[in-house]
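Following: one structure in structure tokens, then a few remarks.
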Amino acid sequence: MPSDPPVNARRRGWTVALPFILVTVTLGGIYASVAGRLPERIATHFGFDGRPDGYSSTQGFLWGCLLTLLVLGAGTVGLVQLRMPAQSGRLLVATGYFTAVVLGCPAVAILFGNAGGTDVAAVRLSGWQMFVALGAGVVAAGLGWLLAGADPAERRPASGPVRRLDLPAGVRAGWSRTISSPPMAVLAGAMACLGVVLGVSAGWVGGAVMLLGGLAVAVHCSVRVTVDRRGLTLTPTLLPVPLHRIPLGKVAEASSRRISTLAEYGGWGYRIRPGGSGLLLRSGEGVVLRLTTGREFVVTVDDSATAAALLNTYLDRERSGEGG
């Protein structure tokens, strides 16, 4: 099957990087223009009434904003640059434009609001400013959608043949492999670092949320996939508790095929879409379970054909009354 030309991914990479670059340069320029009028401690977090309820140093706020834009921008560009069918690429570019603008507008408003004031408690961030930021984000998302161009037509790989393992009657077997995603591990570390920076500069409520998000990503970045007479089990290498288990009784059939993570599920990690779900830490071969509910569950893992064949063998035994 021919792959999509990498030039499209490179063009989209530059396209999605553009708003993060522009927002970063704009934020840096505005900071340089008002730095002499900013107090050492500025209001950076606001309640629903627009009054400040969190403060940080000027430098801490600036570096927190720049680091957030850098991490999100680099992550979005990395997703777009992957060489794989990019049916979700246009939406990803539009989301990047929306994110960059919605993050940049409040940061600019905070800098202008604190400039020249002696009483930071008097600074306000009103609701209409947030609505303007959201509106600007929607407009930017539309621009990103247009600049990204149309996505290529989806080409879903066909499932491989349904196989069985030749196990003698009464003999039991198990299969296990570990699948890991270095990019997700890097993302988890970046989110943890960003959580610490946000906690120190803008308050530990936002920092704790980012740290918990990093922990959630870390749990999913390396998983052991096990197939035995009980069914399929996913266990994080960082925790002894199973992340997900599908009993044999809920499986109608197992097969193996190549899976395009972004094209079919829109991203990495534990993904859900209409008619299916799965754990996808990379593109490539994977186990495909057709469940008794009619839904599909997939796991990208090496030697998936053997795992599927073993599951089918146990399914045949259960249906014939032989048991495991």
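Chain labels run A, B, ... following the order of the structure tokens; each chain numbers its residues from 1, and ligands are numbered from 1 in the order shown.
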Neighbour list for Arg282 (chain A) as number ranges by chain, cut-off 8 Å, only C-alpha atoms, skip fewer than 3 positions in-chain:
A: 181, 261, 268, 300
Output C-alpha atoms for every residue in the selection just made, as a PDB file, in the first residue's frame.
ATOM      1  CA  SER A 181       5.868   4.604  23.560  1.00  0.00           C
ATOM      2  CA  THR A 261      -3.102   5.169  14.950  1.00  0.00           C
ATOM      3  CA  TRP A 268      -2.068   7.684  21.004  1.00  0.00           C
ATOM      4  CA  THR A 300      -0.959  -2.337  18.765  1.00  0.00           C
TER       5      THR A 300
END
Within 8 Å of region 132-139 of chain A using only C-alpha atoms, minus same-chain residues under 5 positions, as JSON, numbers by chain:
{"A": [97, 98, 99, 100, 101, 102, 105, 106]}
Preceding selection exported with N, CA and C atoms as a short mmCIF file (atom, residue, chain, number, x, y, z; two decimals), in the first residue's frame:
data_model
loop_
_atom_site.label_atom_id
_atom_site.label_comp_id
_atom_site.auth_asym_id
_atom_site.auth_seq_id
_atom_site.Cartn_x
_atom_site.Cartn_y
_atom_site.Cartn_z
N TYR A 97 -4.21 25.81 16.11
CA TYR A 97 -4.47 27.24 15.97
C TYR A 97 -5.35 27.75 17.10
N PHE A 98 -6.41 27.00 17.40
CA PHE A 98 -7.31 27.40 18.47
C PHE A 98 -6.57 27.47 19.80
N THR A 99 -5.76 26.44 20.10
CA THR A 99 -5.05 26.37 21.38
C THR A 99 -4.07 27.53 21.54
N ALA A 100 -3.29 27.80 20.50
CA ALA A 100 -2.28 28.86 20.59
C ALA A 100 -2.91 30.22 20.87
N VAL A 101 -4.01 30.52 20.18
CA VAL A 101 -4.65 31.83 20.34
C VAL A 101 -5.36 31.93 21.69
N VAL A 102 -6.04 30.86 22.12
CA VAL A 102 -6.77 30.90 23.39
C VAL A 102 -5.80 30.99 24.56
N CYS A 105 -4.11 35.03 24.11
CA CYS A 105 -4.92 36.22 24.39
C CYS A 105 -5.01 36.55 25.88
N PRO A 106 -5.34 35.60 26.76
CA PRO A 106 -5.36 35.95 28.19
C PRO A 106 -3.99 36.37 28.72
#
Please provide as a VMD selection string all residues within 9 Å of region 49-66 of chain A, with the sequence filter that same-chain residues fewer than 6 positions apart are discarded (counting only C-alpha atoms).
chain A and resid 24 27 to 28 31 35 38 to 43 103 to 104 107 111 120 to 127 194 197 to 198 200 to 203
So which residues touch region 170-179 of chain A within 7 Å, counting only C-alpha atoms, skipping near sequence neighbours fewer than 5 positions away, as a VMD selection string?
chain A and resid 222 to 228 301 307 324
State, in Å with one decimal place, the distance from CA of Pro247 (chain A) to CA of Thr313 (chain A).
14.3 Å
Nearest residue to Asn114 (chain A) from the set A:Gly144, A:Gly73, A:Pro236, A:Gly36 (distances using only C-alpha atoms):
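Among the listed residues, the smallest separation from Asn114 (chain A) belongs to A:Gly36.
Residue nearest Leu238 (chain A) within the list A:Ser180, A:Gln129, A:Thr68, A:Thr76: A:Ser180 [criterion: smallest interatomic distance, only C-alpha atoms].
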Counting only C-alpha atoms, the option among A:Pro168, A:Gly294, A:Gly142, A:Gly29 closest to Thr95 (chain A)
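Selected residue with least distance to Thr95 (chain A): A:Gly142.
Minimum atom-to-atom distance to Ile21 (chain A), evaluated using only C-alpha atoms, belongs to A:Val71 out of A:Phe46, A:Val71, A:Val196, A:Gly117.
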Determine which residues of region 65-256 of chain A receive a DSSP assignment of helix (DSSP H, G or I), computed from the backbone, and state them as number ranges by chain.
A: 65-81, 89-114, 120-122, 127-148, 182-202, 204-220, 248-250
Just the residues within 10 Å of Gly249 (chain A), please, counting only C-alpha atoms, with nothing from its chain fewer than 3 positions along; format it as a list in words.
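Surrounding residues, per the criterion: Arg230, Gly231, Ile246, Ala252, Leu291, Thr292, Leu315, Glu318 and Arg319 of chain A.
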